[in-house]
$ cat entry.pdb   # PDB, C-alpha atoms, pLDDT in the B column
ATOM      1  CA  MET O   1      20.054  73.788  47.589  1.00 91.00           C
ATOM      2  CA  ASP O   2      23.256  75.671  46.880  1.00 96.00           C
ATOM      3  CA  LEU O   3      21.940  79.220  47.178  1.00 97.00           C
ATOM      4  CA  ARG O   4      25.244  80.879  46.374  1.00 97.00           C
ATOM      5  CA  ALA O   5      25.636  78.965  43.130  1.00 97.00           C
ATOM      6  CA  THR O   6      22.015  79.541  42.142  1.00 97.00           C
ATOM      7  CA  LEU O   7      22.297  83.276  42.749  1.00 97.00           C
ATOM      8  CA  ALA O   8      25.500  83.423  40.716  1.00 96.00           C
ATOM      9  CA  ALA O   9      23.897  81.495  37.868  1.00 95.00           C
ATOM     10  CA  HIS O  10      20.623  83.417  37.613  1.00 96.00           C
ATOM     11  CA  ARG O  11      21.454  86.816  39.162  1.00 97.00           C
ATOM     12  CA  LEU O  12      17.846  87.838  39.841  1.00 98.00           C
ATOM     13  CA  VAL O  13      15.462  87.204  42.743  1.00 98.00           C
ATOM     14  CA  ALA O  14      11.823  88.146  42.133  1.00 98.00           C
ATOM     15  CA  ILE O  15      10.056  89.317  45.295  1.00 98.00           C
ATOM     16  CA  VAL O  16       6.307  88.696  45.354  1.00 98.00           C
ATOM     17  CA  ARG O  17       4.165  90.515  47.901  1.00 98.00           C
ATOM     18  CA  GLY O  18       0.453  91.077  47.369  1.00 96.00           C
ATOM     19  CA  ASP O  19      -2.926  91.675  48.946  1.00 97.00           C
ATOM     20  CA  ASP O  20      -4.637  88.988  46.835  1.00 98.00           C
ATOM     21  CA  ALA O  21      -3.405  85.460  47.514  1.00 98.00           C
ATOM     22  CA  ASP O  22      -4.785  84.029  44.278  1.00 98.00           C
ATOM     23  CA  ALA O  23      -3.185  86.845  42.271  1.00 98.00           C
ATOM     24  CA  ALA O  24       0.095  86.348  44.141  1.00 98.00           C
ATOM     25  CA  LEU O  25       0.071  82.663  43.213  1.00 98.00           C
ATOM     26  CA  ARG O  26      -0.625  83.504  39.577  1.00 98.00           C
ATOM     27  CA  THR O  27       2.251  85.962  39.722  1.00 98.00           C
ATOM     28  CA  VAL O  28       4.645  83.318  41.025  1.00 98.00           C
ATOM     29  CA  LEU O  29       3.619  80.840  38.344  1.00 98.00           C
ATOM     30  CA  THR O  30       3.842  83.444  35.587  1.00 98.00           C
ATOM     31  CA  LEU O  31       7.350  84.424  36.676  1.00 98.00           C
ATOM     32  CA  ALA O  32       8.328  80.766  36.660  1.00 98.00           C
ATOM     33  CA  GLU O  33       6.916  80.368  33.147  1.00 98.00           C
ATOM     34  CA  GLU O  34       9.025  83.339  32.070  1.00 98.00           C
ATOM     35  CA  GLY O  35      12.168  81.584  33.255  1.00 97.00           C
ATOM     36  CA  LEU O  36      12.820  83.406  36.521  1.00 97.00           C
ATOM     37  CA  GLU O  37      14.407  80.661  38.602  1.00 96.00           C
ATOM     38  CA  LEU O  38      14.547  82.409  41.991  1.00 98.00           C
ATOM     39  CA  ILE O  39      11.231  83.577  43.424  1.00 98.00           C
ATOM     40  CA  GLU O  40      10.606  84.773  46.971  1.00 98.00           C
ATOM     41  CA  VAL O  41       7.136  85.094  48.508  1.00 98.00           C
ATOM     42  CA  SER O  42       7.156  87.706  51.260  1.00 98.00           C
ATOM     43  CA  LEU O  43       5.400  86.646  54.457  1.00 98.00           C
ATOM     44  CA  THR O  44       3.911  90.137  54.712  1.00 98.00           C
ATOM     45  CA  GLY O  45       1.590  89.362  51.798  1.00 98.00           C
ATOM     46  CA  LYS O  46      -1.974  88.093  52.114  1.00 97.00           C
ATOM     47  CA  ASP O  47      -2.077  84.402  53.152  1.00 98.00           C
ATOM     48  CA  ALA O  48       1.586  84.174  52.171  1.00 98.00           C
ATOM     49  CA  LEU O  49       2.240  80.758  53.673  1.00 98.00           C
ATOM     50  CA  ARG O  50      -0.684  79.323  51.753  1.00 98.00           C
ATOM     51  CA  VAL O  51       0.726  80.947  48.599  1.00 98.00           C
ATOM     52  CA  VAL O  52       4.036  79.174  49.258  1.00 98.00           C
ATOM     53  CA  GLU O  53       2.235  75.854  49.783  1.00 98.00           C
ATOM     54  CA  ARG O  54       0.242  76.184  46.574  1.00 98.00           C
ATOM     55  CA  ALA O  55       3.246  77.383  44.589  1.00 98.00           C
ATOM     56  CA  ARG O  56       5.327  74.459  45.805  1.00 98.00           C
ATOM     57  CA  ALA O  57       2.596  72.022  44.764  1.00 98.00           C
ATOM     58  CA  ALA O  58       2.360  73.634  41.326  1.00 98.00           C
ATOM     59  CA  LEU O  59       6.090  74.024  40.703  1.00 97.00           C
ATOM     60  CA  GLY O  60       7.162  70.636  42.005  1.00 96.00           C
ATOM     61  CA  PRO O  61       9.962  69.807  44.435  1.00 95.00           C
ATOM     62  CA  ASP O  62      12.957  70.905  42.380  1.00 93.00           C
ATOM     63  CA  ARG O  63      12.200  74.560  41.580  1.00 95.00           C
ATOM     64  CA  PRO O  64      13.790  77.003  44.074  1.00 96.00           C
ATOM     65  CA  LEU O  65      11.148  78.772  46.158  1.00 98.00           C
ATOM     66  CA  GLY O  66      11.857  81.182  48.971  1.00 98.00           C
ATOM     67  CA  ALA O  67       9.980  82.786  51.830  1.00 98.00           C
ATOM     68  CA  GLY O  68      10.840  86.402  52.544  1.00 98.00           C
ATOM     69  CA  THR O  69      10.561  88.796  55.482  1.00 98.00           C
ATOM     70  CA  VAL O  70      11.376  85.930  57.838  1.00 98.00           C
ATOM     71  CA  LEU O  71      11.870  87.603  61.199  1.00 98.00           C
ATOM     72  CA  THR O  72      11.329  85.007  63.915  1.00 98.00           C
ATOM     73  CA  ALA O  73      11.997  81.345  64.574  1.00 98.00           C
ATOM     74  CA  ASP O  74       8.277  80.705  64.143  1.00 98.00           C
ATOM     75  CA  ASP O  75       8.420  82.363  60.722  1.00 98.00           C
ATOM     76  CA  ALA O  76      11.267  80.071  59.693  1.00 98.00           C
ATOM     77  CA  VAL O  77       9.480  76.943  60.906  1.00 98.00           C
ATOM     78  CA  ALA O  78       6.266  77.942  59.144  1.00 98.00           C
ATOM     79  CA  ALA O  79       8.130  78.695  55.909  1.00 98.00           C
ATOM     80  CA  HIS O  80       9.838  75.314  56.051  1.00 98.00           C
ATOM     81  CA  ARG O  81       6.554  73.514  56.607  1.00 98.00           C
ATOM     82  CA  ALA O  82       4.945  75.407  53.725  1.00 98.00           C
ATOM     83  CA  GLY O  83       7.603  74.163  51.325  1.00 98.00           C
ATOM     84  CA  ALA O  84      10.127  76.986  51.077  1.00 98.00           C
ATOM     85  CA  ASP O  85      13.670  75.794  50.522  1.00 96.00           C
ATOM     86  CA  PHE O  86      15.407  79.085  51.256  1.00 98.00           C
ATOM     87  CA  VAL O  87      14.538  82.128  53.339  1.00 98.00           C
ATOM     88  CA  VAL O  88      15.218  85.835  53.034  1.00 98.00           C
ATOM     89  CA  THR O  89      15.387  88.210  55.989  1.00 98.00           C
ATOM     90  CA  PRO O  90      15.486  92.013  56.221  1.00 97.00           C
ATOM     91  CA  GLY O  91      18.046  91.843  59.025  1.00 97.00           C
ATOM     92  CA  LEU O  92      19.895  89.569  61.419  1.00 97.00           C
ATOM     93  CA  GLY O  93      17.868  87.802  64.093  1.00 94.00           C
ATOM     94  CA  GLU O  94      16.434  84.533  65.274  1.00 96.00           C
ATOM     95  CA  GLY O  95      14.880  83.820  61.884  1.00 97.00           C
ATOM     96  CA  VAL O  96      18.391  83.370  60.448  1.00 98.00           C
ATOM     97  CA  VAL O  97      19.435  80.954  63.180  1.00 97.00           C
ATOM     98  CA  ALA O  98      16.228  78.910  63.054  1.00 98.00           C
ATOM     99  CA  ALA O  99      16.334  78.598  59.275  1.00 98.00           C
ATOM    100  CA  ARG O 100      19.912  77.340  59.380  1.00 97.00           C
ATOM    101  CA  GLU O 101      18.954  74.793  62.044  1.00 97.00           C
ATOM    102  CA  LEU O 102      16.237  73.561  59.676  1.00 98.00           C
ATOM    103  CA  GLY O 103      18.749  73.181  56.874  1.00 97.00           C
ATOM    104  CA  MET O 104      17.523  76.114  54.797  1.00 98.00           C
ATOM    105  CA  PRO O 105      20.052  78.521  53.281  1.00 98.00           C
ATOM    106  CA  VAL O 106      19.521  82.156  54.191  1.00 98.00           C
ATOM    107  CA  LEU O 107      19.809  85.350  52.177  1.00 98.00           C
ATOM    108  CA  ALA O 108      20.279  87.554  55.218  1.00 98.00           C
ATOM    109  CA  GLY O 109      19.624  91.277  55.338  1.00 98.00           C
ATOM    110  CA  VAL O 110      22.669  93.426  56.113  1.00 98.00           C
ATOM    111  CA  MET O 111      23.636  97.060  55.683  1.00 96.00           C
ATOM    112  CA  THR O 112      27.001  97.635  57.336  1.00 97.00           C
ATOM    113  CA  PRO O 113      30.368  95.847  57.404  1.00 97.00           C
ATOM    114  CA  THR O 114      29.615  94.865  60.998  1.00 98.00           C
ATOM    115  CA  ASP O 115      26.382  93.268  59.828  1.00 98.00           C
ATOM    116  CA  ILE O 116      28.293  91.325  57.184  1.00 98.00           C
ATOM    117  CA  ILE O 117      30.737  89.950  59.739  1.00 98.00           C
ATOM    118  CA  THR O 118      27.855  89.000  62.042  1.00 98.00           C
ATOM    119  CA  ALA O 119      25.997  87.320  59.188  1.00 98.00           C
ATOM    120  CA  ARG O 120      29.058  85.177  58.531  1.00 95.00           C
ATOM    121  CA  THR O 121      29.053  83.939  62.117  1.00 96.00           C
ATOM    122  CA  LEU O 122      25.342  83.090  61.862  1.00 97.00           C
ATOM    123  CA  GLY O 123      25.936  80.973  58.776  1.00 97.00           C
ATOM    124  CA  ALA O 124      24.161  83.103  56.167  1.00 98.00           C
ATOM    125  CA  ALA O 125      24.688  81.782  52.657  1.00 98.00           C
ATOM    126  CA  ALA O 126      24.354  85.181  50.986  1.00 98.00           C
ATOM    127  CA  LEU O 127      23.938  88.813  51.971  1.00 98.00           C
ATOM    128  CA  LYS O 128      20.986  91.008  51.066  1.00 98.00           C
ATOM    129  CA  ILE O 129      22.186  94.624  51.014  1.00 98.00           C
ATOM    130  CA  PHE O 130      19.051  96.367  52.248  1.00 97.00           C
ATOM    131  CA  PRO O 131      17.779  98.954  51.661  1.00 96.00           C
ATOM    132  CA  ALA O 132      20.193  99.225  48.758  1.00 96.00           C
ATOM    133  CA  ALA O 133      19.165 102.608  47.381  1.00 95.00           C
ATOM    134  CA  GLN O 134      19.328 104.278  50.772  1.00 94.00           C
ATOM    135  CA  ALA O 135      22.612 102.547  51.620  1.00 93.00           C
ATOM    136  CA  GLY O 136      24.316 104.230  48.681  1.00 95.00           C
ATOM    137  CA  GLY O 137      23.380 102.225  45.605  1.00 96.00           C
ATOM    138  CA  PRO O 138      25.952 100.627  43.290  1.00 97.00           C
ATOM    139  CA  ALA O 139      28.771 102.765  44.696  1.00 97.00           C
ATOM    140  CA  TYR O 140      28.186 101.231  48.119  1.00 97.00           C
ATOM    141  CA  VAL O 141      28.261  97.707  46.691  1.00 97.00           C
ATOM    142  CA  LYS O 142      31.542  98.516  44.945  1.00 96.00           C
ATOM    143  CA  ALA O 143      32.974  99.833  48.218  1.00 97.00           C
ATOM    144  CA  LEU O 144      31.963  96.662  50.073  1.00 97.00           C
ATOM    145  CA  ARG O 145      33.754  94.538  47.502  1.00 95.00           C
ATOM    146  CA  GLY O 146      37.081  95.862  48.860  1.00 95.00           C
ATOM    147  CA  PRO O 147      36.986  94.256  52.315  1.00 97.00           C
ATOM    148  CA  PHE O 148      34.567  91.479  51.284  1.00 97.00           C
ATOM    149  CA  PRO O 149      35.701  90.331  47.822  1.00 96.00           C
ATOM    150  CA  HIS O 150      34.283  86.823  48.102  1.00 95.00           C
ATOM    151  CA  GLU O 151      30.880  87.483  49.672  1.00 97.00           C
ATOM    152  CA  THR O 152      27.663  86.905  47.746  1.00 98.00           C
ATOM    153  CA  LEU O 153      26.093  90.386  47.727  1.00 98.00           C
ATOM    154  CA  VAL O 154      22.479  90.874  46.629  1.00 98.00           C
ATOM    155  CA  PRO O 155      21.210  94.483  46.656  1.00 98.00           C
ATOM    156  CA  VAL O 156      17.477  94.819  47.335  1.00 98.00           C
ATOM    157  CA  GLY O 157      15.347  97.957  47.535  1.00 97.00           C
ATOM    158  CA  GLY O 158      14.801 100.489  44.775  1.00 94.00           C
ATOM    159  CA  VAL O 159      16.252  98.235  42.087  1.00 97.00           C
ATOM    160  CA  ASP O 160      14.808  99.001  38.658  1.00 96.00           C
ATOM    161  CA  GLU O 161      16.294  97.834  35.342  1.00 95.00           C
ATOM    162  CA  ALA O 162      18.950 100.540  35.244  1.00 95.00           C
ATOM    163  CA  ALA O 163      19.904  99.975  38.871  1.00 96.00           C
ATOM    164  CA  ALA O 164      20.062  96.214  38.293  1.00 97.00           C
ATOM    165  CA  ARG O 165      22.621  96.717  35.538  1.00 96.00           C
ATOM    166  CA  ALA O 166      24.611  99.168  37.661  1.00 96.00           C
ATOM    167  CA  HIS O 167      24.635  96.948  40.759  1.00 97.00           C
ATOM    168  CA  LEU O 168      25.786  93.915  38.800  1.00 97.00           C
ATOM    169  CA  ALA O 169      28.473  95.983  37.085  1.00 95.00           C
ATOM    170  CA  ALA O 170      29.605  97.190  40.516  1.00 96.00           C
ATOM    171  CA  GLY O 171      30.183  93.642  41.731  1.00 96.00           C
ATOM    172  CA  ALA O 172      26.849  92.390  43.040  1.00 97.00           C
ATOM    173  CA  THR O 173      26.310  88.675  42.543  1.00 97.00           C
ATOM    174  CA  ALA O 174      22.577  89.137  41.973  1.00 98.00           C
ATOM    175  CA  VAL O 175      19.805  91.649  42.615  1.00 98.00           C
ATOM    176  CA  GLY O 176      16.442  91.315  44.353  1.00 98.00           C
ATOM    177  CA  VAL O 177      13.534  93.099  42.693  1.00 98.00           C
ATOM    178  CA  GLY O 178      10.040  93.719  44.022  1.00 98.00           C
ATOM    179  CA  SER O 179       7.632  96.358  42.763  1.00 97.00           C
ATOM    180  CA  PRO O 180       9.619  97.462  39.668  1.00 98.00           C
ATOM    181  CA  LEU O 181       9.159  93.903  38.397  1.00 98.00           C
ATOM    182  CA  ILE O 182       5.932  92.750  40.038  1.00 98.00           C
ATOM    183  CA  GLY O 183       3.960  95.981  39.620  1.00 98.00           C
ATOM    184  CA  ASP O 184       0.329  95.367  40.577  1.00 98.00           C
ATOM    185  CA  ALA O 185       0.231  91.752  39.348  1.00 98.00           C
ATOM    186  CA  ALA O 186       0.127  90.295  42.880  1.00 98.00           C
ATOM    187  CA  ASP O 187      -2.874  92.526  43.625  1.00 98.00           C
ATOM    188  CA  GLY O 188      -4.790  91.380  40.562  1.00 98.00           C
ATOM    189  CA  GLY O 189      -3.101  93.429  37.843  1.00 98.00           C
ATOM    190  CA  SER O 190      -2.189  92.424  34.317  1.00 98.00           C
ATOM    191  CA  LEU O 191      -0.155  89.246  33.872  1.00 98.00           C
ATOM    192  CA  ASP O 192       0.676  90.264  30.307  1.00 98.00           C
ATOM    193  CA  ALA O 193       2.335  93.401  31.658  1.00 98.00           C
ATOM    194  CA  LEU O 194       4.140  91.256  34.210  1.00 98.00           C
ATOM    195  CA  ARG O 195       5.475  89.047  31.431  1.00 98.00           C
ATOM    196  CA  THR O 196       6.776  92.111  29.593  1.00 98.00           C
ATOM    197  CA  ARG O 197       8.561  93.373  32.713  1.00 98.00           C
ATOM    198  CA  ALA O 198       9.977  89.914  33.443  1.00 98.00           C
ATOM    199  CA  ARG O 199      11.465  89.688  29.963  1.00 98.00           C
ATOM    200  CA  ALA O 200      12.932  93.177  30.288  1.00 97.00           C
ATOM    201  CA  PHE O 201      14.576  92.346  33.618  1.00 97.00           C
ATOM    202  CA  ARG O 202      15.924  89.059  32.300  1.00 96.00           C
ATOM    203  CA  ALA O 203      17.447  90.958  29.384  1.00 95.00           C
ATOM    204  CA  ALA O 204      18.934  93.580  31.709  1.00 94.00           C
ATOM    205  CA  VAL O 205      20.551  90.901  33.874  1.00 95.00           C
ATOM    206  CA  ALA O 206      21.853  89.019  30.843  1.00 92.00           C
ATOM    207  CA  GLU O 207      23.395  92.203  29.450  1.00 88.00           C
ATOM    208  CA  ALA O 208      25.161  92.812  32.743  1.00 82.00           C
ATOM    209  CA  ARG O 209      26.920  89.463  32.828  1.00 63.00           C
ATOM    210  CA  PRO O 210      30.711  89.809  33.077  1.00 61.00           C
TER     211      PRO O 210
END
$ encode --input "entry.pdb" --output "structure tokens"
Amino acid sequence: MDLRATLAAHRLVAIVRGDDADAALRTVLTLAEEGLELIEVSLTGKDALRVVERARAALGPDRPLGAGTVLTADDAVAAHRAGADFVVTPGLGEGVVAARELGMPVLAGVMTPTDIITARTLGAAALKIFPAAQAGGPAYVKALRGPFPHETLVPVGGVDEAAARAHLAAGATAVGVGSPLIGDAADGGSLDALRTRARAFRAAVAEARP
């Protein structure tokens, strides 16, 4: 898949992490029904690889599906076998290299300009600015756009609806959103509430389009 183009087209990555594997799967499928095209299942969730497997079977082969919090080469291999077609990392390490060797594009976690340069050499397709709120928020993204005008920047961490709009206005290609979008749905909470939040985030991203 062309991760850069997909991020630019849809501008939102939903991050699913939960303590109930069945609820996490329902969350993924509900988000997909609500038109969220980029969904990441964090490997720190309960039975996350099995969630990826079941989601892939339900969604079919063509829907983008990512595995997140990929730290090691073993993580990357397991994510690939489970059916993920892209991976997301919190930082730069062997998970990035292994995923690229397996042909999976990587949204690689970075925080500093040095990280960004290193991520380029490792072949990352896009850059996850993490943790975005602590790094400086939209102002930091805007500052990074100076030396890195062509990079695909995706702030993650502390991104609510207002922050999503601000990050995109500041030059982010897309945003990654976890708990402000998912809430308690992946732990068994209301799917109706999840649908409401999904629609609100889709509207926020649409409003922020240049």
$ residues_near_point --input "entry.pdb" --point "(18.5, 93.2, 68.7)" --cutoff "12 Å" --atoms "all atoms listed in the file" --output "list in words"
Leu71, Thr72, Gly91, Leu92, Gly93, Glu94 and Asp115 of chain O
$ resolve_selection --input "entry.pdb" --expression "the PyMOL selection byres ((chain O and resi 104) around 7)" --output "PyMOL selection string"
chain O and resi 85-87+99-100+102-103+105-106
$ atom_distance --input "entry.pdb" --atom1 "CA of Gly137 in chain O" --atom2 "CA of Leu43 in chain O"
25.4 Å
$ closest_residue --input "entry.pdb" --among "O:Ala55, O:Ala193, O:Val156, O:Ala185" --to "Ala172 in chain O" --atoms "all atoms listed in the file"
O:Val156
$ resolve_selection --input "entry.pdb" --expression "the PyMOL selection byres ((chain O and resi 169) around 10)" --output "ChimeraX atom specification"
/O:138,141-142,163-168,170-173,205,207-210
$ resolve_selection --input "entry.pdb" --expression "the PyMOL selection byres ((chain O and resi 22-34) around 9)" --output "ChimeraX atom specification"
/O:14,16-21,35-41,45-46,48,51-52,54-55,58-59,63,182,185-189,191,194-195,198-199,202
$ closest_residue --input "entry.pdb" --among "O:Val175, O:Leu3, O:Ala82, O:Ala162" --to "Leu107 in chain O" --atoms "all atoms listed in the file"
O:Leu3
$ closest_residue --input "entry.pdb" --among "O:Leu144, O:Gly95, O:Ala84, O:Glu53" --to "Val70 in chain O" --atoms "all atoms listed in the file"
O:Gly95
$ atom_distance --input "entry.pdb" --atom1 "CA of Gly183 in chain O" --atom2 "CA of Ala126 in chain O"
25.7 Å
$ closest_residue --input "entry.pdb" --among "O:Ala200, O:Ala8, O:Ala67, O:Val177" --to "Thr152 in chain O" --atoms "only C-alpha atoms"
O:Ala8
$ atom_distance --input "entry.pdb" --atom1 "CA of Gly68 in chain O" --atom2 "CA of Ala133 in chain O"
18.9 Å
$ residues_near_point --input "entry.pdb" --point "(11.4, 101.2, 35.7)" --cutoff "9 Å" --atoms "all atoms listed in the file" --output "PDB file with C-alpha atoms, keeping the file's coordinate frame"
ATOM      1  CA  VAL O 159      16.252  98.235  42.087  1.00 97.00           C
ATOM      2  CA  ASP O 160      14.808  99.001  38.658  1.00 96.00           C
ATOM      3  CA  GLU O 161      16.294  97.834  35.342  1.00 95.00           C
ATOM      4  CA  ALA O 162      18.950 100.540  35.244  1.00 95.00           C
ATOM      5  CA  PRO O 180       9.619  97.462  39.668  1.00 98.00           C
ATOM      6  CA  LEU O 181       9.159  93.903  38.397  1.00 98.00           C
ATOM      7  CA  ARG O 197       8.561  93.373  32.713  1.00 98.00           C
TER       8      ARG O 197
END
$ closest_residue --input "entry.pdb" --among "O:Asp75, O:Val96, O:Ile116, O:Val88" --to "Arg145 in chain O" --atoms "all atoms listed in the file"
O:Ile116
$ closest_residue --input "entry.pdb" --among "O:Val13, O:Leu65, O:Ala203, O:Ile129" --to "Met1 in chain O" --atoms "all atoms listed in the file"
O:Leu65
